[in-house]
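Here is the structure we will look at.
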Amino acid sequence: MSHSGTLILIMSIAVLAPLLAYGVGRWLPVPLVIFEILLGVLIGPDVLGWAETGPLIDGLSELGLAMLIFLAGYETDFGRVRRDIRRRSLWAWLITLAAGLAVGVLLAGGGFSKGVYVGTALTSTALGTVLPVLRDAGDLRTPFGPVMLTFGAVGEFGPIIAMALLLSGRKPGQSTVLLAAFAALTAAAVFWALRPRPPWFSRLIAKTLHTSGQFAVRLVFLLLALMLGAAQALGLDVLLGAFAAGLITRLVLTGAAPESSGEVLGKVEAVGFGFLVPVFFIVTGIGFDLDALFAGGRELLLVPGFVALFLLVRGAPLWLLAPREFVRRDRAALVLYGSTALPLIVAITTLALDAGAMTTGESAALVGAGMVSVLVFPLLALKCRAAAGERERAAAARPSGAGESW
């Protein structure tokens, strides 16, 4: 099928997936991303063979991932989260990194290179994948949402920093300098975002909000492009730029035009969740290598082992360092959401294949485990949160619950 035909097929699935989620949701609340990924696998080369990727499709998919991370950055309001929770999230990931590297080297039979790739993959949290599930469940309006976003943000970008330091092929000192340069650029952008805007700025946003001008929306995408370009120019993962752009955009809009920020975000989300994000999830399914996974028994047996390691290496520190107020069900949901991993696993295994540190089958097993985590963990987390979420959403809707800090 041509690239244009593949795009039509992808968008058809993007329309079909919410219908399936709505229909099945009357009996079982299945996250939308499950249908998008599974339908992508179905039309991919290893099943029906209807879809093929190319520069256009791959470019849209990468934009979809960047938009997911951008929106995750926008939703991550560290001001709503207590300092001790931010500290707990950082310690949880550092413990995960130490355990992941140890387990990775052990699994690799002492091979340090492969061990680093496997160990880094075990530390990731698919925050961009979890975000739509949290949003659709209404958990972003509860105390659980900001805590999960904080733990997830560290789990998303801790591995990116580890990749820059350990897997980039550069010397650690050079990677550290580049990360520091990006941090300085981000700090300068945050300083600019916090400065008071002139009165005409908010007036222009309001005046063009419902015209073809769309000043605020264009500004949002300019900030995203600038931060993506800055990360790429420094040789860093563009996801760092996407997340930083989300944080900066939130500061600009809530500071300069708080009355319009919600509507502007809605327009940006329409572009993201209405077009780019489903393309990313469907293309992820299309690109999954089923043949490599089923080629040998060992690779298939590795999948449940990696799934268990996600829960052990990433999940156990989350359980231990979850906020004291969290009951068992909340801790279980935090573990399940935090152990959900896929996008960074794809990126890490791609680097490992290019470096010759991992076989195709091993890569497929690790990606397959990531897909299982995306398909299963959020669904279980929703069940854990079902009863508590209803109470918290009702409390958040009351004036006394507004602005509560966790």
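Going by the structure tokens order, chains are called A, B, ..., each with residues numbered from 1, while ligands are numbered from 1 in the order shown.
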Near range 250-264 of chain A, 6 Å: range 133-235 of chain A residue rows, closest pairs, only C-alpha atoms, as a Markdown table:
```
| residue | atom | partner | partner_atom | distance |
| --- | --- | --- | --- | --- |
| A:Ala193 | CA | A:Val252 | CA | 4.9 |
| A:Arg197 | CA | A:Ala256 | CA | 5.7 |
| A:Ser202 | CA | A:Ala257 | CA | 5.1 |
```
Checklist entry - Counting only C-alpha atoms, what is within 10 Å of His3 in chain A, bar same-chain residues fewer than 3 positions away, as number ranges by chain? => result A: 6-9, 51-57
Next on the checklist: If we count only C-alpha atoms and set the cut-off at 8 Å, which residues sit around Leu71 in chain A, ignoring sequence neighbours fewer than 3 positions away in its own chain? Please answer as number ranges by chain.
Outcome noted: A: 67-68, 74-75, 128, 243, 246, 269
Checklist outcome for this item: Restricting to only C-alpha atoms, whichever of A:Lys383, A:Lys171, A:Arg329, A:Arg324 is closest to Arg88 in chain A is A:Arg324
Checklist entry - Neighbours of Ala369 in chain A within 9 Å (only C-alpha atoms; same-chain residues fewer than 5 positions away dropped), as an MDAnalysis selection string? => result chainID A and resid 302:307 310 341:342 364 374
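Closest approach to Arg195 in chain A from the set A:Ala230, A:Leu382, A:Leu122, A:Ile248 is made by A:Ile248, with distances taken over only C-alpha atoms.
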Next on the checklist: Here is a test: counting only C-alpha atoms, which residue of A:Ser12, A:Thr249, A:Thr340, A:Thr211 is nearest to Leu194 in chain A?
Outcome noted: A:Thr249
